[in-house]
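Printed here is query-v2.cif (mmCIF, C-alpha atoms):
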```cif
data_run
#
loop_
_atom_site.label_atom_id
_atom_site.label_comp_id
_atom_site.auth_asym_id
_atom_site.auth_seq_id
_atom_site.Cartn_x
_atom_site.Cartn_y
_atom_site.Cartn_z
CA MET A 1 0.00 0.00 0.00
CA SER A 2 1.35 3.42 -0.91
CA THR A 3 1.92 6.05 1.74
CA PRO A 4 0.89 9.74 1.48
CA ARG A 5 4.50 10.59 0.70
CA ASP A 6 4.58 7.93 -2.06
CA ASP A 7 1.38 9.37 -3.55
CA ASP A 8 2.81 12.90 -3.50
CA LEU A 9 5.97 11.80 -5.29
CA LEU A 10 4.06 9.73 -7.87
CA ILE A 11 1.62 12.56 -8.63
CA ARG A 12 4.42 15.13 -8.85
CA ASP A 13 6.31 12.92 -11.32
CA LEU A 14 3.12 12.26 -13.30
CA THR A 15 2.38 15.99 -13.54
CA ARG A 16 5.81 16.64 -15.03
CA ALA A 17 5.58 13.62 -17.34
CA PHE A 18 2.18 14.79 -18.58
CA ALA A 19 3.54 18.29 -19.27
CA ALA A 20 6.45 16.78 -21.22
CA ALA A 21 4.10 14.56 -23.26
CA VAL A 22 1.89 17.53 -24.10
CA ASP A 23 4.94 19.53 -25.17
CA ARG A 24 6.07 16.69 -27.44
CA GLY A 25 2.60 16.55 -28.96
CA VAL A 26 2.46 12.78 -29.44
CA PRO A 27 -1.14 11.75 -28.67
CA ARG A 28 -0.48 8.16 -27.62
CA GLN A 29 2.16 9.32 -25.12
CA ILE A 30 -0.38 11.74 -23.67
CA ALA A 31 -3.15 9.12 -23.61
CA ALA A 32 -0.89 6.60 -21.85
CA LEU A 33 -0.91 8.87 -18.79
CA MET A 34 -4.69 9.36 -18.74
CA CYS A 35 -7.51 7.32 -17.19
CA ALA A 36 -8.95 4.76 -19.60
CA ASP A 37 -12.23 6.46 -20.56
CA GLU A 38 -10.64 9.85 -21.15
CA ALA A 39 -7.70 8.33 -23.04
CA GLU A 40 -10.10 6.57 -25.43
CA SER A 41 -12.15 9.72 -25.98
CA PHE A 42 -9.00 11.80 -26.48
CA LEU A 43 -7.58 9.44 -29.12
CA ASP A 44 -10.95 9.28 -30.89
CA ASN A 45 -10.81 13.05 -31.35
CA VAL A 46 -7.29 13.51 -32.74
CA ASN A 47 -6.57 13.37 -36.44
CA ASP A 48 -3.35 11.38 -36.16
CA PRO A 49 -2.78 9.45 -32.93
CA ASP A 50 0.61 8.19 -34.10
CA PRO A 51 2.61 11.10 -35.57
CA ASP A 52 6.37 10.90 -35.88
CA ASP A 53 8.31 12.00 -32.82
CA PRO A 54 9.57 15.59 -33.05
CA ASP A 55 12.79 15.93 -35.06
CA GLU A 56 14.28 18.18 -32.40
CA PRO A 57 14.43 16.98 -28.81
CA VAL A 58 11.94 18.77 -26.60
CA GLU A 59 13.42 20.41 -23.54
CA GLU A 60 12.36 19.03 -20.19
CA PRO A 61 9.46 21.28 -19.17
CA THR A 62 9.80 23.66 -16.26
CA VAL A 63 6.94 22.67 -13.99
CA ASP A 64 6.55 23.60 -10.35
CA VAL A 65 4.02 21.63 -8.30
CA PRO A 66 3.54 23.64 -5.10
CA ARG A 67 0.48 21.78 -3.78
CA ILE A 68 -0.82 18.23 -4.01
CA ARG A 69 -3.95 17.05 -2.22
CA VAL A 70 -4.95 13.38 -2.12
CA PHE A 71 -8.47 12.27 -1.19
CA GLY A 72 -8.50 8.49 -1.27
CA GLU A 73 -8.63 7.39 -4.89
CA VAL A 74 -8.70 10.90 -6.39
CA ALA A 75 -6.29 13.82 -6.11
CA LEU A 76 -5.44 17.25 -7.44
CA ALA A 77 -2.20 19.11 -8.08
CA ARG A 78 -1.70 22.83 -8.45
CA PHE A 79 1.03 23.51 -11.00
CA THR A 80 2.80 26.49 -12.46
CA ARG A 81 4.74 26.80 -15.69
CA PRO A 82 6.26 29.84 -17.37
CA TYR A 83 3.33 32.09 -18.32
CA THR A 84 0.64 29.72 -17.04
CA ALA A 85 -0.77 28.00 -13.97
CA GLY A 86 -3.54 25.53 -13.38
CA THR A 87 -4.84 22.39 -11.70
CA LEU A 88 -4.67 18.76 -12.82
CA PHE A 89 -6.96 16.07 -11.45
CA PHE A 90 -6.03 12.42 -10.96
CA ARG A 91 -7.71 9.10 -10.39
CA ARG A 92 -6.07 5.92 -9.14
CA GLU A 93 -6.89 3.28 -11.73
CA ASP A 94 -5.65 -0.32 -11.71
CA GLY A 95 -3.22 0.55 -8.96
CA ARG A 96 -1.60 3.56 -10.64
CA TRP A 97 -2.29 7.27 -10.70
CA THR A 98 -3.64 8.67 -13.98
CA VAL A 99 -4.51 12.15 -15.20
CA CYS A 100 -8.31 12.24 -15.16
CA ALA A 101 -10.29 15.47 -15.50
CA ASP A 102 -13.56 13.91 -14.34
CA ALA A 103 -12.02 13.17 -10.94
CA GLU A 104 -13.02 16.76 -10.14
CA ASP A 105 -16.64 15.53 -10.05
CA ASP A 106 -15.81 13.44 -6.97
CA LEU A 107 -14.46 16.40 -4.99
CA SER A 108 -16.41 18.98 -3.02
CA LEU A 109 -15.91 22.73 -2.94
CA ASP A 110 -14.28 22.35 0.47
CA GLN A 111 -11.76 19.96 -1.07
CA LEU A 112 -11.26 21.93 -4.26
CA GLU A 113 -10.75 25.34 -2.70
CA ASP A 114 -7.62 26.33 -0.83
CA GLY A 115 -7.66 28.63 2.18
CA GLU A 116 -10.12 29.45 4.94
CA ARG A 117 -13.89 29.53 4.38
CA PRO A 118 -16.03 32.28 5.86
CA PRO A 119 -18.89 31.21 8.17
CA SER A 120 -21.96 30.12 6.23
CA PRO A 121 -25.46 28.71 6.90
CA ALA A 122 -25.84 24.99 7.57
CA ARG A 123 -27.39 24.32 4.14
CA VAL A 124 -24.47 26.01 2.41
CA ARG A 125 -21.97 24.05 4.52
CA GLY A 126 -23.71 20.85 3.51
CA LEU A 127 -23.61 21.77 -0.16
CA ARG A 128 -19.95 22.74 0.11
CA GLY A 129 -19.26 19.21 1.35
CA THR A 130 -21.14 17.57 -1.55
CA PRO A 131 -19.12 16.32 -4.56
CA VAL A 132 -19.59 18.94 -7.27
CA GLY A 133 -20.68 16.27 -9.72
CA ASP A 134 -23.60 15.39 -7.41
CA LEU A 135 -24.98 18.93 -7.00
CA ASP A 136 -28.52 19.26 -8.33
CA VAL A 137 -30.07 22.41 -9.80
CA ALA A 138 -31.43 23.58 -6.44
CA GLY A 139 -28.01 23.17 -4.82
CA LEU A 140 -26.31 25.05 -7.63
CA VAL A 141 -28.84 27.89 -7.34
CA THR A 142 -28.12 28.22 -3.61
CA LEU A 143 -24.34 28.19 -4.05
CA VAL A 144 -24.38 30.67 -6.93
CA GLU A 145 -26.70 33.00 -5.03
CA GLN A 146 -24.38 32.79 -2.01
CA ARG A 147 -21.34 33.42 -4.26
CA GLN A 148 -19.74 30.16 -3.13
CA GLY A 149 -17.00 28.59 -5.24
CA LEU A 150 -17.79 30.57 -8.38
CA ASP A 151 -14.35 29.99 -9.89
CA ILE A 152 -15.17 26.27 -9.85
CA LEU A 153 -18.93 26.30 -10.36
CA LEU A 154 -19.42 29.00 -13.00
CA PRO A 155 -17.81 27.00 -15.84
CA ARG A 156 -19.97 24.02 -14.89
CA VAL A 157 -23.16 26.02 -14.57
CA THR A 158 -22.72 27.88 -17.85
CA ALA A 159 -21.93 24.64 -19.69
CA ARG A 160 -25.18 23.20 -18.33
CA LEU A 161 -27.18 26.30 -19.23
CA GLN A 162 -25.79 26.21 -22.76
CA ARG A 163 -27.22 22.71 -23.10
CA GLU A 164 -30.45 23.44 -21.19
CA PRO A 165 -31.20 27.12 -20.53
CA LEU A 166 -34.21 26.53 -18.27
CA PRO A 167 -33.51 23.43 -16.16
CA PRO A 168 -36.30 22.84 -13.62
CA GLY A 169 -35.36 23.83 -10.08
CA ASP A 170 -37.07 24.08 -6.71
CA ARG A 171 -38.83 27.33 -7.62
CA HIS A 172 -39.42 27.33 -11.36
CA PRO A 173 -37.63 26.57 -14.63
CA GLY A 174 -35.05 29.28 -15.12
CA ASP A 175 -34.06 29.89 -11.49
CA LEU A 176 -30.50 28.72 -12.21
CA LEU A 177 -30.32 31.05 -15.22
CA ALA A 178 -31.62 33.94 -13.12
CA ALA A 179 -29.11 33.29 -10.33
CA THR A 180 -26.26 33.13 -12.83
CA LEU A 181 -27.27 36.33 -14.59
CA ARG A 182 -26.98 38.10 -11.21
CA VAL A 183 -23.27 37.22 -10.85
CA GLU A 184 -21.15 40.37 -10.77
CA HIS A 185 -19.15 41.70 -13.71
CA GLU A 186 -15.83 41.11 -11.90
CA GLN A 187 -16.39 37.35 -11.96
CA TRP A 188 -17.26 37.30 -15.66
CA ALA A 189 -14.24 39.47 -16.48
CA LYS A 190 -11.87 36.73 -15.29
CA ASP A 191 -13.78 33.88 -16.96
CA PRO A 192 -14.25 34.74 -20.65
CA VAL A 193 -15.14 31.15 -21.60
CA SER A 194 -18.12 31.14 -19.24
CA LEU A 195 -19.10 34.59 -20.47
CA THR A 196 -19.18 33.31 -24.04
CA ARG A 197 -21.34 30.37 -22.98
CA MET A 198 -23.79 32.76 -21.33
CA ARG A 199 -24.08 34.80 -24.52
CA ILE A 200 -24.84 31.63 -26.47
CA THR A 201 -27.42 30.67 -23.83
CA ILE A 202 -29.09 34.08 -24.11
CA ASP A 203 -29.34 33.66 -27.90
CA THR A 204 -31.09 30.34 -27.30
CA VAL A 205 -33.44 31.90 -24.75
CA GLN A 206 -34.34 34.60 -27.25
CA ASP A 207 -35.31 31.93 -29.77
CA MET A 208 -37.62 30.33 -27.16
CA GLY A 209 -40.06 33.24 -27.34
CA ASP A 210 -42.45 33.69 -24.42
CA LEU A 211 -40.69 32.16 -21.41
CA ASP A 212 -43.93 32.13 -19.42
CA ALA A 213 -45.05 29.36 -21.77
CA HIS A 214 -42.07 27.32 -20.52
CA GLY A 215 -42.95 27.94 -16.87
CA ALA A 216 -40.24 30.59 -16.41
CA PRO A 217 -40.78 34.24 -15.39
CA HIS A 218 -40.36 35.97 -18.76
CA GLN A 219 -40.11 39.58 -17.59
CA GLU A 220 -37.78 38.86 -14.67
CA ILE A 221 -35.34 36.92 -16.81
CA TRP A 222 -35.31 39.51 -19.59
CA ASP A 223 -34.77 42.30 -17.08
CA LEU A 224 -31.78 40.35 -15.77
CA ILE A 225 -30.51 39.74 -19.31
CA ALA A 226 -30.70 43.46 -20.03
CA ARG A 227 -28.70 44.25 -16.89
CA PHE A 228 -26.20 41.47 -17.68
CA ALA A 229 -25.66 42.89 -21.20
CA ALA A 230 -25.23 46.41 -19.83
CA THR A 231 -22.58 45.37 -17.30
CA ASN A 232 -20.77 42.97 -19.65
CA PRO A 233 -20.93 44.92 -22.94
CA ASN A 234 -17.98 43.46 -24.88
CA GLY A 235 -19.11 41.32 -27.79
CA TRP A 236 -22.78 42.29 -27.76
#
```
Please go through the file and, once you have read it, give me the structure as structure tokens.
Amino acid sequence: MSTPRDDDLLIRDLTRAFAAAVDRGVPRQIAALMCADEAESFLDNVNDPDPDDPDEPVEEPTVDVPRIRVFGEVALARFTRPYTAGTLFFRREDGRWTVCADAEDDLSLDQLEDGERPPSPARVRGLRGTPVGDLDVAGLVTLVEQRQGLDILLPRVTARLQREPLPPGDRHPGDLLAATLRVEHEQWAKDPVSLTRMRITIDTVQDMGDLDAHGAPHQEIWDLIARFAATNPNGW
């Protein structure tokens, strides 16, 4: 059985190996470090999974891994490289650690966020301890309204709204959209991908016509859309 120190060393080495494989740009080398389902999907979506190795040797990447957190069979690593920083997620599969983005689904906001958490109501504390992949619409509405974990949740919420603009919630279809439209400009300014998804969602909502016919409060949502467009004007 591996120890916490063993896991830290293995994940640190895997993070650097994954960065090197990405820099080399050889898909099968990248896929070999991923969990099985994601490796298969990745290879299915590349034009040439077996290109020639680069003619010139690729320098060993400069990767700093300042923080690793292991939670049983899943883990995360914060990494920095020249000009970029981010987080990789890992799943232990067949006895070895693999890079696996969907491992994030198994972690809660409390596990995903670093630093102290301000006091919050019991319901919010419970939701913060729920794996983010298990949060339902009502839970997402509460967390977004309470401005909890927006760096983590906003990409997820906007991806869902792009697929389904008016998912049914505890109150009415559209309560998740309404809560998201109320998020402040400062949050959207640092997440342009989510902002783009929201603009696509709004185009879809416009095509839906009278939202009251879908069980959603038409005037409220369009008032919020107008305010959202006014405070996030770029690209409209």
Using only the atoms of segment 94-103 of chain A listed in the file, plus 3 Å on each side, state the axis-aligned box centre and edge lengths in Å rounded to one decimal, as AutoDock Vina command-line options.
```
--center_x -7.6 --center_y 7.6 --center_z -12.2 --size_x 18.0 --size_y 21.8 --size_z 12.5
```
Which segment 64-121 of chain A residues have any atom within 10 Å of an atom of segment 18-35 of chain A, and for each, what is the nearest pair of atoms with distance in Å to one decimal, counting all atoms listed in the file, rows sorted by chain and number, as CSV?
```
residue,atom,partner,partner_atom,distance
A:Arg81,CA,A:Ala19,CA,9.3
A:Leu88,CA,A:Phe18,CA,9.8
A:Phe90,CA,A:Cys35,CA,8.2
A:Arg91,CA,A:Cys35,CA,7.0
A:Arg92,CA,A:Cys35,CA,8.3
A:Glu93,CA,A:Cys35,CA,6.8
A:Asp94,CA,A:Cys35,CA,9.6
A:Arg96,CA,A:Cys35,CA,9.6
A:Trp97,CA,A:Cys35,CA,8.3
A:Thr98,CA,A:Met34,CA,4.9
A:Val99,CA,A:Met34,CA,4.5
A:Cys100,CA,A:Cys35,CA,5.4
A:Ala101,CA,A:Cys35,CA,8.8
A:Asp102,CA,A:Cys35,CA,9.4
A:Ala103,CA,A:Cys35,CA,9.7
```
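All residues that come within 12 Å of the coordinates (-36.0, 27.6, -7.6), counting all atoms listed in the file, are given as Asp136, Val137, Ala138, Gly139, Leu140, Val141, Thr142, Glu145, Leu166, Pro167, Pro168, Gly169, Asp170, Arg171, His172, Pro173, Gly174, Asp175, Leu176, Leu177, Ala178, Ala179, Gly215, Ala216 and Pro217 of chain A.
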All residues 10 Å or closer to segment 151-160 of chain A, only C-alpha atoms, same chain fewer than 4 positions away omitted, as a PyMOL selection string: chain A and resi 104+109+112-113+132-133+137+140-141+143-144+147+164-167+176-177+180+183+187-188+190-201
Among the residues A:Val74, A:Asp106, A:Leu181, A:Phe89, the one that comes closest to Asp134 of chain A [using only C-alpha atoms]: A:Asp106
Shell of 12 Å around Ser2 of chain A, only C-alpha atoms, local chain residues under 2 positions omitted, as a CSV table (one decimal) with C-alpha atoms, in the frame of the given file:
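What landed in around-v7.csv:
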```csv
chain,number,residue,atom,x,y,z
A,4,PRO,CA,0.9,9.7,1.5
A,5,ARG,CA,4.5,10.6,0.7
A,6,ASP,CA,4.6,7.9,-2.1
A,7,ASP,CA,1.4,9.4,-3.6
A,8,ASP,CA,2.8,12.9,-3.5
A,9,LEU,CA,6.0,11.8,-5.3
A,10,LEU,CA,4.1,9.7,-7.9
A,11,ILE,CA,1.6,12.6,-8.6
A,70,VAL,CA,-5.0,13.4,-2.1
A,72,GLY,CA,-8.5,8.5,-1.3
A,73,GLU,CA,-8.6,7.4,-4.9
A,92,ARG,CA,-6.1,5.9,-9.1
A,95,GLY,CA,-3.2,0.6,-9.0
A,96,ARG,CA,-1.6,3.6,-10.6
A,97,TRP,CA,-2.3,7.3,-10.7
```
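Taking atom CA of Asp207 of chain A as the reference point, atom CA of Ile221 of chain A is found at 13.9 Å.
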Arg128 of chain A environment, 10 Å, only C-alpha atoms, sequence neighbours closer than 2 positions dropped, as an MDAnalysis selection string: chainID A and resid 107:113 120 122:126 130:132 135 139 143 148:149
Residue IDs satisfying the PyMOL selection byres ((chain A and resi 231) around 12), as a PyMOL selection string: chain A and resi 181-189+195+224-230+232-236
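Rounded to one decimal, atom CA of Asp223 of chain A and atom CA of Gln162 of chain A lie 19.3 Å from each other.
A straight line drawn from atom CA of Ala85 of chain A to atom CA of Val46 of chain A is 24.6 Å long.
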